[in-house]
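Content type mmCIF, C-alpha atoms, from the file protein_18.cif:
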data_my_file
loop_
_atom_site.label_atom_id
_atom_site.label_comp_id
_atom_site.auth_asym_id
_atom_site.auth_seq_id
_atom_site.Cartn_x
_atom_site.Cartn_y
_atom_site.Cartn_z
CA MET A 1 35.05 75.57 -24.70
CA VAL A 2 31.80 73.67 -24.09
CA VAL A 3 31.23 71.81 -20.82
CA GLU A 4 28.38 69.31 -20.96
CA LEU A 5 26.87 68.19 -17.65
CA SER A 6 24.99 64.94 -17.04
CA THR A 7 21.47 64.67 -15.63
CA HIS A 8 22.75 64.04 -12.10
CA ARG A 9 25.16 66.98 -12.17
CA THR A 10 22.43 69.21 -13.61
CA LEU A 11 20.11 68.20 -10.76
CA LEU A 12 22.85 68.86 -8.21
CA ILE A 13 23.44 72.37 -9.56
CA ALA A 14 19.68 73.05 -9.73
CA ILE A 15 19.37 72.20 -6.02
CA LEU A 16 22.28 74.51 -5.22
CA VAL A 17 20.68 77.26 -7.31
CA LEU A 18 17.44 76.83 -5.36
CA PHE A 19 19.34 77.12 -2.07
CA ILE A 20 21.07 80.25 -3.37
CA GLY A 21 17.68 81.78 -4.20
CA LYS A 22 16.39 81.01 -0.69
CA PHE A 23 19.57 82.47 0.84
CA ILE A 24 19.31 85.69 -1.19
CA ASN A 25 15.62 86.14 -0.39
CA ARG A 26 16.29 85.70 3.32
CA ARG A 27 19.22 88.14 3.35
CA VAL A 28 17.81 90.79 0.98
CA PRO A 29 14.43 92.02 2.31
CA PHE A 30 13.42 93.49 -1.07
CA PHE A 31 13.11 90.08 -2.74
CA ARG A 32 11.05 88.58 0.06
CA ASN A 33 8.92 91.62 0.85
CA TYR A 34 7.94 91.99 -2.80
CA ASP A 35 7.30 88.26 -3.29
CA ILE A 36 10.01 87.52 -5.85
CA PRO A 37 10.00 83.71 -6.30
CA GLU A 38 13.09 82.05 -4.85
CA PRO A 39 13.77 79.96 -8.01
CA VAL A 40 13.73 83.17 -10.08
CA THR A 41 16.21 84.87 -7.76
CA GLY A 42 18.58 81.91 -7.70
CA GLY A 43 18.13 81.05 -11.37
CA LEU A 44 18.87 84.58 -12.54
CA PHE A 45 21.94 84.73 -10.27
CA ALA A 46 23.20 81.48 -11.83
CA SER A 47 22.57 82.75 -15.37
CA ILE A 48 24.53 85.93 -14.65
CA VAL A 49 27.46 83.91 -13.27
CA LEU A 50 27.41 81.61 -16.30
CA GLY A 51 27.14 84.65 -18.58
CA LEU A 52 30.26 86.14 -17.02
CA LEU A 53 32.02 82.78 -17.41
CA HIS A 54 31.12 82.86 -21.12
CA ALA A 55 32.29 86.46 -21.56
CA VAL A 56 35.55 86.22 -19.60
CA GLU A 57 36.70 82.64 -20.17
CA GLY A 58 34.73 81.65 -23.28
CA VAL A 59 33.25 78.67 -21.44
CA ASP A 60 29.69 77.53 -22.25
CA VAL A 61 28.00 75.19 -19.79
CA VAL A 62 25.37 72.91 -21.33
CA PHE A 63 22.91 71.25 -18.95
CA ASP A 64 21.05 68.00 -19.48
CA THR A 65 17.48 69.10 -18.73
CA THR A 66 15.81 65.73 -19.40
CA LEU A 67 14.57 65.57 -15.81
CA ARG A 68 12.92 68.99 -16.16
CA ASP A 69 9.99 67.61 -18.18
CA SER A 70 9.20 65.03 -15.50
CA LEU A 71 9.31 67.71 -12.81
CA LEU A 72 6.78 69.76 -14.77
CA LEU A 73 4.47 66.74 -15.09
CA ALA A 74 4.77 66.01 -11.36
CA PHE A 75 4.03 69.62 -10.49
CA PHE A 76 0.84 69.87 -12.57
CA THR A 77 -0.30 66.49 -11.26
CA SER A 78 0.11 67.77 -7.70
CA LEU A 79 -2.00 70.83 -8.58
CA GLY A 80 -4.76 68.54 -9.80
CA LEU A 81 -4.54 66.47 -6.61
CA SER A 82 -5.00 69.66 -4.57
CA ALA A 83 -8.20 70.67 -6.40
CA LYS A 84 -11.35 69.88 -4.48
CA LEU A 85 -14.66 69.60 -6.32
CA ASP A 86 -16.31 72.47 -4.44
CA THR A 87 -13.40 74.75 -5.34
CA LEU A 88 -13.78 73.78 -8.98
CA VAL A 89 -17.47 74.64 -8.88
CA GLN A 90 -16.83 77.97 -7.15
CA GLY A 91 -14.15 78.84 -9.69
CA GLY A 92 -16.36 78.19 -12.73
CA ARG A 93 -17.49 81.77 -13.32
CA THR A 94 -14.08 83.17 -12.41
CA LEU A 95 -12.43 80.73 -14.83
CA VAL A 96 -14.58 82.05 -17.69
CA ILE A 97 -13.72 85.66 -16.79
CA PHE A 98 -10.01 84.88 -16.44
CA LEU A 99 -9.98 83.10 -19.79
CA GLY A 100 -11.73 86.04 -21.43
CA LEU A 101 -9.11 88.39 -19.99
CA LEU A 102 -6.35 86.11 -21.27
CA ILE A 103 -7.79 86.24 -24.79
CA LEU A 104 -7.99 90.03 -24.56
CA ALA A 105 -4.37 90.13 -23.38
CA LEU A 106 -3.25 88.02 -26.35
CA LEU A 107 -4.98 90.37 -28.79
CA PHE A 108 -3.47 93.43 -27.07
CA GLN A 109 0.02 91.90 -27.06
CA ASN A 110 -0.01 91.17 -30.77
CA THR A 111 -1.66 94.44 -31.81
CA VAL A 112 0.83 96.50 -29.79
CA GLY A 113 3.77 94.36 -30.91
CA VAL A 114 2.93 94.71 -34.60
CA THR A 115 2.28 98.46 -34.23
CA ILE A 116 5.53 99.21 -32.37
CA ALA A 117 7.56 97.05 -34.76
CA SER A 118 6.15 98.96 -37.74
CA LEU A 119 6.92 102.32 -36.09
CA LEU A 120 10.50 101.17 -35.47
CA GLY A 121 10.89 100.13 -39.09
CA LEU A 122 10.92 96.41 -38.36
CA GLU A 123 9.04 93.67 -40.14
CA PRO A 124 5.53 93.50 -38.52
CA LEU A 125 5.91 89.75 -38.05
CA ILE A 126 8.79 90.45 -35.65
CA GLY A 127 6.28 92.34 -33.52
CA LEU A 128 4.10 89.25 -33.53
CA ILE A 129 7.02 87.10 -32.40
CA SER A 130 7.62 89.53 -29.51
CA GLY A 131 3.92 89.27 -28.62
CA SER A 132 1.90 86.22 -27.67
CA VAL A 133 4.15 83.84 -29.63
CA SER A 134 7.04 84.09 -27.19
CA LEU A 135 5.62 85.86 -24.13
CA SER A 136 2.32 84.13 -23.39
CA GLY A 137 3.47 81.06 -25.32
CA GLY A 138 6.93 80.74 -23.81
CA HIS A 139 9.93 78.95 -25.29
CA GLY A 140 7.94 75.95 -26.51
CA THR A 141 5.49 77.98 -28.59
CA ALA A 142 8.26 80.23 -29.94
CA ILE A 143 10.27 77.23 -31.13
CA ALA A 144 7.20 75.46 -32.53
CA TRP A 145 6.13 78.45 -34.63
CA ALA A 146 9.64 79.41 -35.82
CA PRO A 147 9.46 77.36 -39.07
CA VAL A 148 6.22 79.13 -40.00
CA PHE A 149 7.79 82.57 -39.62
CA GLU A 150 10.89 81.44 -41.53
CA LYS A 151 8.64 80.69 -44.51
CA TYR A 152 7.67 84.37 -44.50
CA GLY A 153 11.26 85.62 -44.51
CA ILE A 154 12.08 85.91 -40.80
CA THR A 155 15.22 83.76 -41.03
CA ASN A 156 16.19 84.19 -37.34
CA ALA A 157 12.67 83.54 -36.00
CA MET A 158 13.82 80.90 -33.52
CA GLU A 159 16.56 83.11 -32.07
CA LEU A 160 14.17 86.07 -31.79
CA GLY A 161 11.50 83.97 -30.15
CA THR A 162 13.96 82.43 -27.68
CA VAL A 163 15.33 85.85 -26.69
CA CYS A 164 11.84 87.28 -26.15
CA ALA A 165 10.70 84.24 -24.17
CA THR A 166 13.82 84.46 -21.99
CA PHE A 167 13.22 88.15 -21.34
CA GLY A 168 9.59 87.44 -20.48
CA LEU A 169 10.51 84.63 -18.10
CA VAL A 170 12.73 86.97 -16.11
CA LEU A 171 10.41 89.99 -16.14
CA GLY A 172 7.33 87.90 -15.40
CA GLY A 173 9.02 86.51 -12.31
CA PHE A 174 10.24 89.89 -11.10
CA THR A 175 7.04 91.91 -11.61
CA GLY A 176 4.08 89.63 -10.84
CA GLY A 177 4.78 89.30 -7.12
CA PRO A 178 5.40 93.03 -6.48
CA LEU A 179 2.21 93.92 -8.36
CA ALA A 180 0.14 91.57 -6.16
CA GLU A 181 1.94 92.83 -3.05
CA ARG A 182 0.95 96.42 -3.85
CA LEU A 183 -2.66 95.45 -4.53
CA ILE A 184 -2.86 93.55 -1.24
CA ARG A 185 -1.30 96.33 0.83
CA ILE A 186 -3.14 99.26 -0.78
CA ASN A 187 -6.52 97.55 -0.56
CA ARG A 188 -5.79 95.87 2.81
CA LEU A 189 -6.72 92.44 1.52
CA LYS A 190 -6.57 89.24 3.54
CA SER A 191 -6.95 85.58 2.74
CA SER A 192 -10.34 84.20 3.79
CA SER A 193 -9.26 80.56 3.39
CA LYS A 194 -8.34 78.40 6.37
CA GLU A 195 -6.77 75.73 4.15
CA HIS A 196 -3.07 74.87 3.91
CA ILE A 197 -1.50 76.76 1.01
CA THR A 198 -1.40 74.78 -2.22
CA ILE A 199 2.38 74.84 -2.71
CA GLY A 200 5.02 74.91 0.03
CA SER A 201 4.37 76.44 3.47
CA ARG A 202 3.85 79.96 4.77
CA TYR A 203 6.75 82.02 6.08
CA ASN A 204 7.07 82.30 9.87
CA GLU A 205 4.48 79.58 10.34
CA GLU A 206 4.86 76.55 12.55
CA HIS A 207 5.24 73.68 10.11
CA GLU A 208 2.81 70.80 10.23
CA PRO A 209 4.42 67.43 10.96
CA ILE A 210 5.29 65.33 7.91
CA ASP A 211 5.79 61.62 8.44
CA ALA A 212 7.00 58.83 6.19
CA GLU A 213 3.60 57.16 5.77
CA ASN A 214 1.81 60.29 4.57
CA THR A 215 4.71 61.23 2.32
CA LEU A 216 4.69 57.76 0.78
CA LEU A 217 0.92 58.00 0.28
CA ALA A 218 1.31 61.39 -1.41
CA LEU A 219 4.08 60.07 -3.68
CA PHE A 220 2.06 56.98 -4.61
CA THR A 221 -1.00 59.06 -5.46
CA LEU A 222 1.11 61.55 -7.40
CA VAL A 223 2.84 58.91 -9.52
CA LEU A 224 -0.43 57.04 -10.07
CA ALA A 225 -2.19 60.14 -11.40
CA MET A 226 0.93 61.22 -13.32
CA VAL A 227 1.18 57.90 -15.17
CA ALA A 228 -2.56 57.84 -15.88
CA GLY A 229 -2.53 61.44 -17.12
CA ALA A 230 0.54 61.08 -19.36
CA THR A 231 -0.77 57.82 -20.81
CA SER A 232 -4.19 59.36 -21.51
CA ALA A 233 -2.61 62.40 -23.17
CA ARG A 234 -0.49 60.22 -25.47
CA TRP A 235 -3.56 58.11 -26.27
CA LEU A 236 -5.54 61.24 -27.23
CA VAL A 237 -2.66 62.52 -29.36
CA GLY A 238 -2.68 59.18 -31.18
CA MET A 239 -6.35 59.81 -31.95
CA GLY A 240 -5.52 63.21 -33.40
CA ILE A 241 -6.50 65.27 -30.33
CA GLN A 242 -3.48 67.43 -29.51
CA ILE A 243 -3.06 68.16 -25.79
CA PRO A 244 0.17 68.53 -23.81
CA GLU A 245 1.03 65.74 -21.37
CA PHE A 246 0.97 68.09 -18.39
CA VAL A 247 -2.67 68.97 -19.14
CA GLY A 248 -3.55 65.26 -19.02
CA CYS A 249 -1.72 64.99 -15.68
CA LEU A 250 -3.59 68.00 -14.29
CA PHE A 251 -6.98 66.50 -15.13
CA ALA A 252 -5.94 63.03 -13.93
CA GLY A 253 -5.01 64.55 -10.58
CA ILE A 254 -8.40 66.26 -10.34
CA LEU A 255 -10.23 63.00 -11.08
CA VAL A 256 -8.13 60.91 -8.68
CA THR A 257 -8.42 63.29 -5.72
CA ASN A 258 -12.18 63.75 -6.11
CA LEU A 259 -13.27 60.20 -6.97
CA ILE A 260 -11.06 57.78 -5.02
CA PRO A 261 -11.79 59.27 -1.54
CA LYS A 262 -15.43 58.31 -2.09
CA VAL A 263 -14.30 54.68 -2.21
CA PHE A 264 -11.67 54.78 0.58
CA ARG A 265 -13.60 56.94 3.02
CA LYS A 266 -11.59 56.07 6.14
CA GLN A 267 -8.18 56.78 4.58
CA GLN A 268 -6.72 60.30 4.78
CA TRP A 269 -6.21 61.31 1.18
CA SER A 270 -3.15 63.00 -0.32
CA SER A 271 -4.78 66.38 -0.95
CA THR A 272 -5.25 66.81 2.81
CA VAL A 273 -1.66 66.18 3.88
CA PRO A 274 1.13 68.80 3.90
CA SER A 275 3.47 66.34 2.18
CA LEU A 276 1.85 67.07 -1.18
CA ALA A 277 2.39 70.82 -0.82
CA VAL A 278 6.08 70.22 -0.09
CA ILE A 279 6.45 67.91 -3.11
CA SER A 280 4.75 70.56 -5.29
CA ASP A 281 7.11 73.22 -4.01
CA VAL A 282 10.22 71.13 -4.70
CA CYS A 283 9.09 70.15 -8.23
CA LEU A 284 8.20 73.71 -9.25
CA GLY A 285 11.36 75.14 -7.70
CA LEU A 286 13.66 72.68 -9.43
CA PHE A 287 11.84 73.09 -12.76
CA LEU A 288 12.25 76.87 -12.71
CA ALA A 289 15.82 76.67 -11.41
CA MET A 290 16.76 74.39 -14.33
CA SER A 291 14.96 76.63 -16.83
CA LEU A 292 16.53 79.88 -15.63
CA MET A 293 20.07 78.63 -15.03
CA SER A 294 20.04 77.23 -18.59
CA MET A 295 19.34 80.66 -20.11
CA GLN A 296 22.05 82.17 -22.27
CA LEU A 297 21.73 85.81 -21.25
CA TRP A 298 24.39 86.96 -23.69
CA THR A 299 21.92 86.31 -26.52
CA LEU A 300 19.87 89.22 -25.15
CA ALA A 301 22.78 91.62 -25.62
CA SER A 302 23.23 90.54 -29.24
CA MET A 303 19.66 91.61 -30.11
CA ALA A 304 19.32 94.84 -28.17
CA GLY A 305 17.92 98.19 -29.37
CA PRO A 306 14.50 98.01 -31.07
CA LEU A 307 13.79 94.54 -29.67
CA PHE A 308 14.43 95.82 -26.14
CA ILE A 309 11.97 98.67 -26.74
CA LEU A 310 9.38 96.20 -27.99
CA LEU A 311 9.70 94.01 -24.92
CA MET A 312 9.64 96.91 -22.45
CA VAL A 313 6.42 98.20 -24.03
CA GLN A 314 4.91 94.71 -23.75
CA THR A 315 5.88 94.51 -20.08
CA CYS A 316 4.34 97.91 -19.29
CA LEU A 317 1.20 96.93 -21.20
CA MET A 318 0.77 93.69 -19.24
CA LEU A 319 1.28 95.38 -15.87
CA THR A 320 -1.14 98.20 -16.72
CA PHE A 321 -3.77 95.81 -18.08
CA THR A 322 -3.52 93.62 -14.99
CA TRP A 323 -3.65 96.50 -12.51
CA PHE A 324 -6.58 98.41 -14.02
CA VAL A 325 -8.61 95.63 -15.70
CA VAL A 326 -7.79 92.11 -14.48
CA TYR A 327 -7.84 92.80 -10.74
CA ARG A 328 -11.12 94.72 -10.95
CA LEU A 329 -12.99 92.25 -13.15
CA LEU A 330 -11.88 89.29 -11.02
CA GLY A 331 -13.57 90.76 -7.95
CA ARG A 332 -11.11 93.15 -6.23
CA ASP A 333 -10.48 90.67 -3.41
CA PHE A 334 -7.51 88.65 -2.16
CA ASP A 335 -8.06 85.89 -4.73
CA ALA A 336 -8.13 88.53 -7.48
CA ALA A 337 -4.78 89.92 -6.31
CA VAL A 338 -3.19 86.46 -6.31
CA MET A 339 -4.61 85.69 -9.76
CA SER A 340 -3.28 89.04 -10.97
CA SER A 341 0.23 87.89 -10.16
CA GLY A 342 -0.60 84.75 -12.14
CA MET A 343 -1.84 86.81 -15.10
CA VAL A 344 1.49 88.66 -15.24
CA GLY A 345 3.34 85.34 -15.03
CA ILE A 346 1.36 83.82 -17.90
CA GLY A 347 1.37 87.00 -19.98
CA LEU A 348 5.13 87.42 -19.81
CA GLY A 349 6.56 83.99 -19.12
CA ALA A 350 4.08 81.10 -19.44
CA THR A 351 2.18 79.08 -16.81
CA PRO A 352 5.02 77.80 -14.52
CA ASN A 353 6.05 81.42 -14.00
CA ALA A 354 2.48 82.23 -12.96
CA MET A 355 2.49 79.40 -10.43
CA ALA A 356 5.81 80.60 -8.96
CA ASN A 357 4.42 84.13 -8.58
CA MET A 358 1.27 82.90 -6.84
CA THR A 359 3.29 80.58 -4.60
CA ALA A 360 5.46 83.47 -3.42
CA VAL A 361 2.38 85.61 -2.70
CA THR A 362 0.50 82.90 -0.78
CA GLN A 363 3.58 81.94 1.24
CA HIS A 364 3.61 85.55 2.40
CA TYR A 365 -0.11 86.32 2.81
CA GLY A 366 -2.06 83.05 3.00
CA ALA A 367 -3.93 80.48 0.91
CA SER A 368 -5.96 81.09 -2.25
CA PRO A 369 -7.39 77.73 -3.40
CA LYS A 370 -9.48 79.36 -6.14
CA ALA A 371 -6.43 80.99 -7.74
CA PHE A 372 -4.58 77.68 -7.86
CA ILE A 373 -7.34 76.01 -9.84
CA VAL A 374 -8.43 78.87 -12.13
CA VAL A 375 -4.98 79.98 -13.30
CA PRO A 376 -3.48 76.56 -14.14
CA LEU A 377 -6.69 75.41 -15.87
CA ALA A 378 -6.73 78.53 -18.04
CA GLY A 379 -2.97 78.72 -18.48
CA ALA A 380 -2.20 75.04 -18.95
CA PHE A 381 -5.04 74.05 -21.25
CA PHE A 382 -7.02 76.87 -22.86
CA ILE A 383 -4.19 79.33 -23.47
CA ASP A 384 -2.31 77.10 -25.92
CA ILE A 385 -5.42 76.46 -27.99
CA VAL A 386 -6.55 80.09 -28.06
CA ASN A 387 -3.03 81.40 -28.66
CA SER A 388 -2.62 79.17 -31.72
CA VAL A 389 -5.83 80.56 -33.22
CA VAL A 390 -4.81 84.16 -32.45
CA ILE A 391 -1.30 83.71 -33.90
CA ARG A 392 -2.70 82.16 -37.08
CA LEU A 393 -5.20 85.02 -37.43
CA PHE A 394 -2.49 87.68 -37.17
CA ILE A 395 -0.17 85.85 -39.59
CA ASP A 396 -2.99 85.67 -42.17
CA LEU A 397 -3.64 89.40 -41.75
CA LEU A 398 0.04 90.40 -42.02
CA ALA A 399 1.49 87.95 -44.54
#

Whole structure given in structure tokens:
Amino acid sequence: MVVELSTHRTLLIAILVLFIGKFINRRVPFFRNYDIPEPVTGGLFASIVLGLLHAVEGVDVVFDTTLRDSLLLAFFTSLGLSAKLDTLVQGGRTLVIFLGLLILALLFQNTVGVTIASLLGLEPLIGLISGSVSLSGGHGTAIAWAPVFEKYGITNAMELGTVCATFGLVLGGFTGGPLAERLIRINRLKSSSKEHITIGSRYNEEHEPIDAENTLLALFTLVLAMVAGATSARWLVGMGIQIPEFVGCLFAGILVTNLIPKVFRKQQWSSTVPSLAVISDVCLGLFLAMSLMSMQLWTLASMAGPLFILLMVQTCLMLTFTWFVVYRLLGRDFDAAVMSSGMVGIGLGATPNAMANMTAVTQHYGASPKAFIVVPLAGAFFIDIVNSVVIRLFIDLLA
């Protein structure tokens, strides 16, 4: 039996799932101490419950996730609105290094995936699907490239890609935070920033007052930049320049928050009020809750064995690469540890996962403005372009 839920009911359940994640993290010290994002905790719990409902009663719940896309746009817009010009300038060199490490990670993922698949007697292209196609690319990239792989004989390319992306989303959320936590504790790192954290608020911290006027200002600015960014992205696509809408929203937010205050000098701007951080937190949390509670975990069981081995190797590779290479090359400081959690999130589950990991870490240990501009810029814009080139290169070599 299939139960289809409307947009409003889906939103209601997503909010409940987010509350469940917060409840579990408060009651189970492991999740909070090791910086497991609350939406990941609650979302995985919901997916397990729905999986049991499918197995025992044969009931499949289908959510209307239309609102999810708007939440993603709002979240990336809020990130742009939080990016100050001096932080952008400071992050320039780090952004180049982080992007270079991302490219290296993509090449490693695909090389290892193809090698392990061949050793297991699988078609090498399956190893590519379990690499950067589904892990760094996420569900969207896996679905987009499925028709290409089907042309080369991988008839279940979409199912394989979806399974791998689902696995990565879960593992990326459960490993990025603990890795950063270990780096911070072992190296006794501390945040040097006095700014409010980019998303949400710190644990055990006296909350800053949020009033209606500042919240309304933050919402107005957010929607203004969001509309401008989405419109600009669609306009560029019409001209043949392919960029995702959320990238346009990110850059629109950056422009709005850095240019308009120069005109309205006496008005407190949205990037300086805690309301924006709360809105960011809610949007990201609901987006991830909807994504994770919609997962069909039973599809993982149907493709176990060699595929599981492939994905476990990829996970170990990403954690090892981040621990020994990424953290060191990014500077071995607090920002580097936070960005390392972001690297794991991107490498195993796409950019929103990275942002959730970094949010959990900064809520625990303090702000990292540089991380919240470097990682989304690299993960939201450059990664899709570079990944497409890398995937095409490997297909040409293997096909």

> Could you spell out the hits of the PyMOL selection byres ((chain A and resi 389-398) around 12) on the shown file, as a VMD selection string?
Replying inline: chain A and resid 102 to 115 118 123 to 134 136 to 137 141 to 142 144 to 146 148 to 149 151 to 152 382 to 388 399

>> For this structure, which residues satisfy the selection - the PyMOL selection byres ((chain A and resi 165) around 9) - when it is evaluated on the file as given? I want them as a PyMOL selection string.
In response: chain A and resi 130+133-139+142+160-164+166-170+348-350

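Closest approach to A:Lys22 from the set A:Val3, A:Leu72, A:Ala157, A:Phe45 is made by A:Phe45, with distances taken over only C-alpha atoms.
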
>> Selection in question (the file shown): the PyMOL selection byres ((chain A and resi 226-238) around 10). Which residues does it include, as an MDAnalysis selection string?
In response: chainID A and resid 70 73:78 80 220:225 239:253 255:256

>> Quick check, in Å to one decimal: how far apart do atom CA of A:Gly379 and atom CA of A:Arg188 lie?
In response: 27.5 Å

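You can rank A:Thr359, A:Thr257, A:Asn353, A:Thr320 by their closest distance to A:Leu292 using all atoms listed in the file, and at the top of that list sits A:Asn353.
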
> Taking into account only C-alpha atoms, which residue in the set A:Asp281, A:Glu4, A:Asp335, A:Glu38 is nearest to A:Ser192?
Replying inline: A:Asp335

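Remark: for A:Leu310, the closest of the candidate residues A:Ile260, A:Asn156, A:Leu120, A:Ala289 is A:Leu120 (distances computed over all atoms listed in the file).
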
>> For a quick check of understanding, using only C-alpha atoms, which of A:Leu286, A:Ile309, A:Leu81, A:Val278 has the smallest distance to A:Ile13?
In response: A:Leu286

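One finds atom CA of A:Thr41 at 22.1 Å from atom CA of A:Leu5.
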
> What residues have an atom no more than 12 Å from (29.4, 76.4, -23.6) in the file's own frame, counting only C-alpha atoms, and can you write them as a VMD selection string?
Replying inline: chain A and resid 1 to 5 50 to 55 57 to 63 294 to 296 298

> Within 10 Å of A:Pro306, counting only C-alpha atoms, which residues qualify if same-chain residues fewer than 4 places away don't, as a PyMOL selection string?
Replying inline: chain A and resi 116-117+120-122+310-312

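Interatomic distance, atom CA of A:Phe30 to atom CA of A:Ile184: 16.3 Å.
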
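Considering all atoms listed in the file, the residue among A:Thr315, A:Ser275, A:Thr362, A:Ser193 positioned nearest to A:Asn214 is A:Ser275.
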